[in-house]
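Printed here is coords29.txt (compact mmCIF, C-alpha atoms and all ligand atoms):
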```txt
# COMPACT_ATOMS: atom_id res chain seq x y z
CA MET R 1 0.00 0.00 0.00
CA GLU R 2 2.87 2.23 0.93
CA ARG R 3 4.45 1.51 -2.42
CA LEU R 4 1.24 2.12 -4.15
CA LYS R 5 0.81 5.30 -2.21
CA LEU R 6 4.30 6.26 -3.23
CA ARG R 7 3.69 5.23 -6.81
CA GLU R 8 0.47 7.18 -7.08
CA PRO R 9 1.98 10.55 -6.29
CA ARG R 10 4.88 9.69 -8.65
CA SER R 11 2.50 8.77 -11.43
CA TYR R 12 0.49 11.92 -10.70
CA THR R 13 3.73 13.88 -10.79
CA CYS R 14 4.61 12.17 -14.07
CA TYR R 15 1.22 12.99 -15.48
CA PHE R 16 1.52 16.51 -14.19
CA ILE R 17 4.96 16.91 -15.71
CA LEU R 18 3.75 15.31 -18.92
CA ILE R 19 0.77 17.69 -19.05
CA LEU R 20 3.09 20.60 -18.30
CA LEU R 21 5.40 19.42 -21.07
CA ILE R 22 2.47 19.11 -23.49
CA ILE R 23 1.21 22.55 -22.47
CA GLU R 24 4.73 23.90 -22.81
CA ILE R 25 5.12 22.28 -26.24
CA ILE R 26 1.75 23.65 -27.33
CA PHE R 27 2.61 27.03 -25.83
CA MET R 28 6.09 26.99 -27.39
CA SER R 29 4.78 25.89 -30.72
CA GLY R 30 2.08 28.50 -30.33
CA CYS R 31 4.71 31.08 -29.57
CA THR R 32 6.87 29.87 -32.38
CA GLU R 33 3.91 29.90 -34.67
CA GLY R 34 2.96 33.29 -33.26
CA SER R 35 6.39 34.70 -33.77
CA LEU R 36 6.52 33.19 -37.22
CA ASP R 37 3.13 34.64 -37.84
CA ASN R 38 4.34 37.99 -36.64
CA GLU R 39 7.42 37.71 -38.75
CA SER R 40 5.50 36.55 -41.75
CA ASN R 41 2.87 39.20 -41.03
CA ASN R 42 5.62 41.76 -40.96
CA GLU R 43 6.93 40.27 -44.14
CA ILE R 44 3.48 40.34 -45.66
CA ASN R 45 2.95 43.86 -44.41
CA LYS R 46 6.29 44.78 -45.81
CA ILE R 47 5.42 43.16 -49.10
CA GLN R 48 1.98 44.72 -48.99
CA THR R 49 3.51 48.08 -48.16
CA ASP R 50 5.96 47.57 -50.97
CA LYS R 51 3.11 46.38 -53.11
CA ASP R 52 1.04 49.37 -52.02
CA ASP R 53 3.91 51.60 -52.98
CA GLU R 54 4.84 49.71 -56.08
CA PRO R 55 1.64 50.00 -58.04
CA LYS R 56 1.51 53.72 -57.21
CA THR R 57 5.02 54.14 -58.51
CA VAL R 58 4.22 51.99 -61.49
CA GLU R 59 0.98 53.85 -62.01
CA ASN R 60 2.83 57.14 -61.73
CA LYS R 61 5.50 55.89 -64.03
CA GLU R 62 2.87 54.76 -66.47
CA GLU R 63 1.05 58.03 -66.05
CA PHE R 64 4.22 60.04 -66.59
CA THR R 65 5.19 57.85 -69.51
CA LYS R 66 1.71 58.25 -70.92
CA ILE R 67 1.92 62.01 -70.44
CA LYS R 68 5.35 62.05 -71.96
CA GLU R 69 4.08 60.14 -74.93
CA THR R 70 0.92 62.10 -75.39
CA ILE R 71 1.66 65.79 -74.70
CA THR R 72 2.82 67.10 -77.99
CA ILE R 73 2.89 70.80 -78.71
CA ASP R 74 0.89 70.72 -81.90
CA GLY R 75 -2.27 72.72 -81.16
CA LYS R 76 -4.29 69.56 -80.60
CA ILE R 77 -5.46 69.46 -77.02
CA LYS R 78 -6.87 65.94 -76.85
CA ASP R 79 -3.76 64.77 -74.99
CA TRP R 80 -4.61 67.14 -72.11
CA ALA R 81 -7.98 65.49 -71.43
CA ASN R 82 -6.80 63.50 -68.37
CA ILE R 83 -4.67 66.25 -66.86
CA PRO R 84 -6.51 67.93 -63.97
CA ILE R 85 -7.08 71.67 -63.95
CA PHE R 86 -4.27 73.38 -62.06
CA LEU R 87 -5.94 76.76 -61.75
CA GLN R 88 -9.50 77.80 -62.46
CA ASP R 89 -9.73 81.49 -63.24
CA GLU R 90 -12.93 83.47 -63.31
CA LYS R 91 -14.49 84.27 -66.67
CA GLY R 92 -15.28 87.95 -67.18
CA ASP R 93 -13.06 89.09 -64.29
CA ILE R 94 -10.98 91.40 -66.48
CA GLU R 95 -11.58 94.74 -68.16
CA GLU R 96 -12.48 94.21 -71.80
CA TYR R 97 -9.64 96.47 -72.88
CA THR R 98 -6.91 98.72 -71.56
CA ASN R 99 -6.35 102.16 -73.07
CA VAL R 100 -3.12 102.56 -74.99
CA THR R 101 -1.06 105.74 -75.24
CA ASP R 102 2.04 106.54 -77.27
CA GLY R 103 3.27 108.69 -74.41
CA SER R 104 2.26 112.06 -75.88
CA LEU R 105 0.42 114.52 -73.62
CA ASP R 106 -2.54 116.80 -74.26
CA GLU R 107 -2.70 120.49 -73.21
CA ASN R 108 -3.72 119.44 -69.70
CA GLY R 109 -0.70 117.19 -69.35
CA GLN R 110 -2.79 114.03 -69.67
CA PHE R 111 -1.66 111.08 -71.79
CA ILE R 112 -3.40 111.01 -75.15
CA ILE R 113 -5.23 107.72 -75.70
CA THR R 114 -4.17 106.34 -79.05
CA GLY R 115 -5.77 102.93 -79.04
CA ARG R 116 -7.07 99.95 -77.17
CA SER R 117 -5.46 96.74 -76.10
CA TYR R 118 -8.11 94.06 -75.72
CA ASN R 119 -7.36 91.76 -72.82
CA TYR R 120 -7.34 87.98 -73.03
CA ASP R 121 -9.64 86.39 -70.47
CA VAL R 122 -8.02 83.28 -68.98
CA VAL R 123 -10.48 80.71 -67.65
CA SER R 124 -8.28 77.75 -66.76
CA ILE R 125 -4.70 76.54 -66.69
CA LYS R 126 -3.35 73.00 -66.73
CA ILE R 127 0.21 72.09 -65.89
CA THR R 128 2.06 68.83 -66.31
CA SER R 129 5.60 67.70 -67.03
CA ASP R 130 7.86 64.98 -68.29
CA ASP R 131 11.58 64.50 -67.67
CA ASN R 132 12.48 67.43 -69.90
CA ASP R 133 9.70 69.98 -70.01
CA LEU R 134 7.00 71.72 -68.05
CA PHE R 135 3.84 71.82 -70.15
CA ILE R 136 1.24 74.55 -69.71
CA LEU R 137 -2.19 74.71 -71.30
CA VAL R 138 -3.99 78.05 -71.07
CA GLU R 139 -7.70 78.15 -71.86
CA LEU R 140 -9.25 81.49 -72.83
CA ALA R 141 -12.91 82.51 -72.72
CA ASP R 142 -12.96 83.25 -76.47
CA ASP R 143 -11.10 82.16 -79.55
CA LEU R 144 -7.74 83.84 -79.96
CA GLU R 145 -8.79 85.07 -83.39
CA LYS R 146 -11.61 87.10 -81.82
CA TYR R 147 -9.16 88.88 -79.53
CA PHE R 148 -6.75 89.33 -82.43
CA ASP R 149 -9.50 90.83 -84.63
CA LYS R 150 -10.46 93.38 -81.99
CA ASN R 151 -6.82 94.30 -81.47
CA ARG R 152 -6.17 94.46 -85.19
CA GLU R 153 -8.87 97.12 -85.48
CA TYR R 154 -6.86 99.38 -83.16
CA LYS R 155 -3.50 98.26 -84.54
CA THR R 156 -2.54 97.14 -81.08
CA LYS R 157 1.06 96.05 -80.94
CA GLY R 158 0.48 92.99 -78.82
CA GLY R 159 0.45 92.70 -75.07
CA MET R 160 0.56 90.41 -72.15
CA ILE R 161 -1.93 87.61 -71.42
CA GLY R 162 -0.66 86.66 -68.01
CA LYS R 163 2.38 85.89 -65.90
CA PHE R 164 3.53 83.23 -63.50
CA TYR R 165 5.91 83.75 -60.60
CA VAL R 166 7.69 80.51 -59.80
CA ASP R 167 9.34 79.59 -56.52
CA ILE R 168 11.58 76.88 -57.93
CA ASP R 169 12.65 75.41 -54.57
CA ASN R 170 9.36 76.02 -52.69
CA LYS R 171 11.31 78.09 -50.16
CA LYS R 172 10.24 81.59 -49.21
CA GLU R 173 13.71 82.26 -47.77
CA SER R 174 15.32 82.09 -51.22
CA GLY R 175 14.37 84.27 -54.18
CA GLU R 176 12.61 87.61 -54.35
CA GLU R 177 9.37 89.22 -53.28
CA GLU R 178 6.54 89.86 -55.74
CA LEU R 179 5.95 93.62 -55.76
CA PHE R 180 2.16 93.79 -55.34
CA THR R 181 1.30 90.72 -53.28
CA LYS R 182 4.44 90.99 -51.11
CA LEU R 183 4.68 87.21 -51.39
CA LYS R 184 8.27 86.06 -51.04
CA GLY R 185 10.56 83.42 -52.49
CA PHE R 186 10.28 83.61 -56.30
CA GLU R 187 13.22 82.89 -58.59
CA LYS R 188 11.54 82.86 -62.02
CA LYS R 189 8.91 84.79 -63.90
CA LEU R 190 7.17 83.34 -66.93
CA VAL R 191 5.24 85.74 -69.14
CA ILE R 192 2.72 84.69 -71.80
CA ALA R 193 2.33 87.43 -74.36
CA VAL R 194 1.06 88.34 -77.79
CA SER R 195 3.48 89.58 -80.42
CA THR R 196 2.69 91.37 -83.66
CA ASN R 197 4.51 91.68 -86.92
CA PRO R 198 4.27 94.92 -89.00
CA ASP R 199 1.20 93.52 -90.79
CA TYR R 200 -0.59 92.99 -87.49
CA GLU R 201 -0.44 89.27 -87.69
CA TYR R 202 -0.46 88.08 -84.13
CA SER R 203 1.48 85.24 -82.58
CA ILE R 204 1.90 83.94 -79.04
CA SER R 205 5.16 84.20 -77.15
CA TYR R 206 6.48 83.28 -73.80
CA TRP R 207 9.56 84.49 -72.05
CA LEU R 208 11.19 83.28 -68.91
CA ASP R 209 13.08 85.76 -66.77
CA VAL R 210 15.21 85.30 -63.72
CA ILE R 211 14.37 87.33 -60.61
CA PRO R 212 16.08 89.71 -59.98
CA PHE R 213 15.73 90.70 -63.61
CA ASP R 214 18.66 90.09 -65.93
CA PHE R 215 17.81 90.44 -69.61
CA SER R 216 20.89 88.47 -70.69
CA LYS R 217 19.34 85.42 -68.99
CA ARG R 218 15.97 85.68 -70.72
CA TYR R 219 14.70 82.55 -72.48
CA GLU R 220 12.13 83.31 -75.16
CA LYS R 221 9.98 81.37 -77.63
CA ASN R 222 7.45 82.42 -80.25
CA SER R 223 4.70 80.35 -81.85
CA ASP R 224 5.74 81.46 -85.35
CA GLU R 225 9.30 80.27 -85.05
CA ASN R 226 9.23 77.68 -82.28
CA ILE R 227 6.34 75.42 -83.16
CA ASN R 228 7.57 72.66 -80.86
CA PHE R 229 7.35 75.07 -77.90
CA ILE R 230 4.11 76.98 -78.46
CA ALA R 231 0.99 76.08 -80.39
CA VAL R 232 -2.49 77.56 -80.45
CA SER R 233 -5.89 76.13 -81.25
CA ASN R 234 -9.14 78.11 -81.04
CA ASN R 235 -9.18 79.29 -77.41
CA PHE R 236 -6.18 77.24 -76.22
CA ILE R 237 -2.47 77.93 -75.96
CA GLU R 238 -0.11 75.08 -75.17
CA MET R 239 3.51 75.54 -74.28
CA ALA R 240 6.60 73.55 -73.37
CA ILE R 241 9.18 75.17 -71.13
CA PRO R 242 12.43 73.23 -70.64
CA LEU R 243 12.91 72.21 -66.99
CA GLU R 244 16.57 73.04 -67.42
CA GLU R 245 15.66 76.68 -68.13
CA LEU R 246 13.38 76.76 -65.10
CA GLU R 247 16.21 75.18 -63.11
CA ILE R 248 13.94 72.50 -61.74
CA SER R 249 13.92 68.73 -62.14
CA LYS R 250 11.19 66.17 -62.43
CA GLY R 251 9.73 65.26 -59.04
CA GLN R 252 10.59 68.59 -57.44
CA THR R 253 7.98 70.68 -55.61
CA ILE R 254 7.48 74.24 -56.80
CA ARG R 255 5.18 77.09 -55.78
CA ILE R 256 3.38 79.24 -58.34
CA ILE R 257 1.20 82.34 -58.43
CA PHE R 258 -0.51 83.49 -61.60
CA SER R 259 -1.84 86.86 -62.66
CA GLU R 260 -3.84 87.62 -65.79
CA LYS R 261 -3.53 91.03 -67.40
CA GLY R 262 -6.42 93.49 -67.22
CA ASN R 263 -7.84 92.46 -63.88
CA LYS R 264 -10.70 94.64 -62.64
CA GLY R 265 -9.31 94.99 -59.11
CA THR R 266 -5.92 96.07 -57.85
CA PHE R 267 -2.65 94.61 -59.15
CA ALA R 268 -2.50 92.42 -56.06
CA ASP R 269 -6.08 91.20 -56.68
CA ALA R 270 -5.02 89.96 -60.09
CA PHE R 271 -2.91 87.22 -58.54
CA SER R 272 -4.16 83.73 -57.86
CA GLU R 273 -3.64 82.04 -54.53
CA GLU R 274 -0.28 80.30 -54.06
CA ILE R 275 -0.30 76.82 -55.53
CA VAL R 276 2.26 74.25 -54.47
CA LYS R 277 2.79 71.49 -57.00
CA ARG R 278 5.08 68.50 -57.31
CA ILE R 279 5.98 68.41 -60.94
CA CA W 1 -10.16 85.32 -66.21
CA CA W 2 12.47 80.21 -53.45
```
Target format structure tokens, applied to this file:
Amino acid sequence: MERLKLREPRSYTCYFILILLIIEIIFMSGCTEGSLDNESNNEINKIQTDKDDEPKTVENKEEFTKIKETITIDGKIKDWANIPIFLQDEKGDIEEYTNVTDGSLDENGQFIITGRSYNYDVVSIKITSDDNDLFILVELADDLEKYFDKNREYKTKGGMIGKFYVDIDNKKESGEEELFTKLKGFEKKLVIAVSTNPDYEYSISYWLDVIPFDFSKRYEKNSDENINFIAVSNNFIEMAIPLEELEISKGQTIRIIFSEKGNKGTFADAFSEEIVKRI
């Protein structure tokens, strides 16, 4: 009986140890499985994260490639269809025309008005880029020919459509202040203008200036001579500006303000809000 008594506790102990061992094995395997799970989860997460990132990158790459393949400066704007509007400008927010003077004065010392310069009402702007160029599409309220016809009547020598101030590094500490808005940090100014030949045939130009102004560093293109840089179609102007000239590279973030000529309010009112864009 004593033996049995002794055996019983032993066998209980054995069972207890065995159960503990089984629990431990289950627990360990559970832990191992758990840690594996965690590891594999991390791995999956990592892969998923990578995957989440990858398609975006691929998508972007595809998008950029698509854009690169499709934006051609040829006056056909179909390739802009999927590019979102960068800036919506109000229609009818400008004076119809600005009086022109040749600088001569009347007997009262007032400038003599010699003509009219009809303003070009911008309604929207799209911006996109590829590895080499920044592309801009300007939409006007009316066909360019209508504006040209009105200006032709007054033998207007051309004029400005609008201008962009560009903060090429998106840093207000570098660059210069815009005179009217007092906004800081701009290194480049891009002007879209209308040029005229002696026969009053109008063409579209752009010029890119450095700020502070240095004429020797001006980069200029005209739709008559540089058909791969500027093209027009009805009420659209499309342009390509080399990133190298803007001193920016693909993927960089820039800040832009735009002002159309002939605004009804003050010069400062003519400017859009600041738009920050990764190009
Ligand atoms: Ca407008
Ligand atoms: Ca800057």
Exercise for review: Pick out the residues no farther than 10 Å from ligand CA 2 (chain W), counting all atoms listed in the file, and list them as a list in words.
Suggested key: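 Counting all atoms listed in the file, the residues within 10 Å of ligand CA 2 (chain W) come out as Val166, Asp167, Ile168, Asp169, Asn170, Lys171, Lys172, Glu173, Ser174, Gly175, Glu176, Glu177, Lys184, Gly185, Phe186, Glu187, Lys188, Ile254 and Arg255 of chain R.
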Export, as a PDB file, in the frame of the given file, the selected residues with C-alpha atoms.
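Below you can see part.pdb, which holds the result:
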```pdb
ATOM      1  CA  VAL R 166       7.690  80.510 -59.800  1.00  0.00           C
ATOM      2  CA  ASP R 167       9.340  79.590 -56.520  1.00  0.00           C
ATOM      3  CA  ILE R 168      11.580  76.880 -57.930  1.00  0.00           C
ATOM      4  CA  ASP R 169      12.650  75.410 -54.570  1.00  0.00           C
ATOM      5  CA  ASN R 170       9.360  76.020 -52.690  1.00  0.00           C
ATOM      6  CA  LYS R 171      11.310  78.090 -50.160  1.00  0.00           C
ATOM      7  CA  LYS R 172      10.240  81.590 -49.210  1.00  0.00           C
ATOM      8  CA  GLU R 173      13.710  82.260 -47.770  1.00  0.00           C
ATOM      9  CA  SER R 174      15.320  82.090 -51.220  1.00  0.00           C
ATOM     10  CA  GLY R 175      14.370  84.270 -54.180  1.00  0.00           C
ATOM     11  CA  GLU R 176      12.610  87.610 -54.350  1.00  0.00           C
ATOM     12  CA  GLU R 177       9.370  89.220 -53.280  1.00  0.00           C
ATOM     13  CA  LYS R 184       8.270  86.060 -51.040  1.00  0.00           C
ATOM     14  CA  GLY R 185      10.560  83.420 -52.490  1.00  0.00           C
ATOM     15  CA  PHE R 186      10.280  83.610 -56.300  1.00  0.00           C
ATOM     16  CA  GLU R 187      13.220  82.890 -58.590  1.00  0.00           C
ATOM     17  CA  LYS R 188      11.540  82.860 -62.020  1.00  0.00           C
ATOM     18  CA  ILE R 254       7.480  74.240 -56.800  1.00  0.00           C
ATOM     19  CA  ARG R 255       5.180  77.090 -55.780  1.00  0.00           C
TER      20      ARG R 255
END
```
Exercise for review: Could you tell me how far atom CA of Ala81 of chain R lies from atom CA of Asp133 of chain R, in Å and to one decimal?
Suggested key: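 Result for atom CA of Ala81 of chain R versus atom CA of Asp133 of chain R: 18.3 Å, one decimal.
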Practice item. Give as a VMD selection string the residues surrounding ligand CA 1 (chain W) up to a distance of 9 Å, considering only C-alpha atoms and all ligand atoms. Key: chain R and resid 88 to 94 120 to 124 140 to 141 260 to 261 263
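Comparing the minimum interatomic distances between Tyr165 of chain R and each of R:Glu201, R:Asp209, R:Asp106, R:Asp131, counting all atoms listed in the file, we find that R:Asp209 sits nearest.
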**Study point:** 9 Å contact set for Thr181 of chain R, only C-alpha atoms, chain neighbours under 6 positions out, as a PyMOL selection string
**Key:** chain R and resi 267-269+271
Check your understanding: Could you tell me, as a VMD selection string, which residues have any atom at most 9 Å from (7.6, 77.8, -66.3), counting only C-alpha atoms?
Key -> chain R and resid 133 to 136 164 to 166 188 to 191 208 240 to 243 245 to 246
**Study point:** atom CA of Ile83 of chain R to atom CA of Glu244 of chain R, straight-line distance in Å
**Key:**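 Here the two named atoms are 22.3 Å from each other.
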Review point. Looking at R:Asn234, R:Val194, R:Ile161, R:Ile112, which one is nearest to Ala270 of chain R, with distances taken over all atoms listed in the file?
Key: R:Ile161
Practice item. Considering all atoms listed in the file, state which residue in the set R:Trp80, R:Phe213, R:Phe111, R:Tyr118 is at the smallest distance from Glu96 of chain R. Key: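 Going through R:Trp80, R:Phe213, R:Phe111, R:Tyr118 one by one, the smallest distance to Glu96 of chain R is for R:Tyr118.
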Review point. Rounded to one decimal in Å, what is the spacing between atom CA of Asn197 of chain R and atom CA of Val210 of chain R?
Key: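 It comes out at 26.3 Å.
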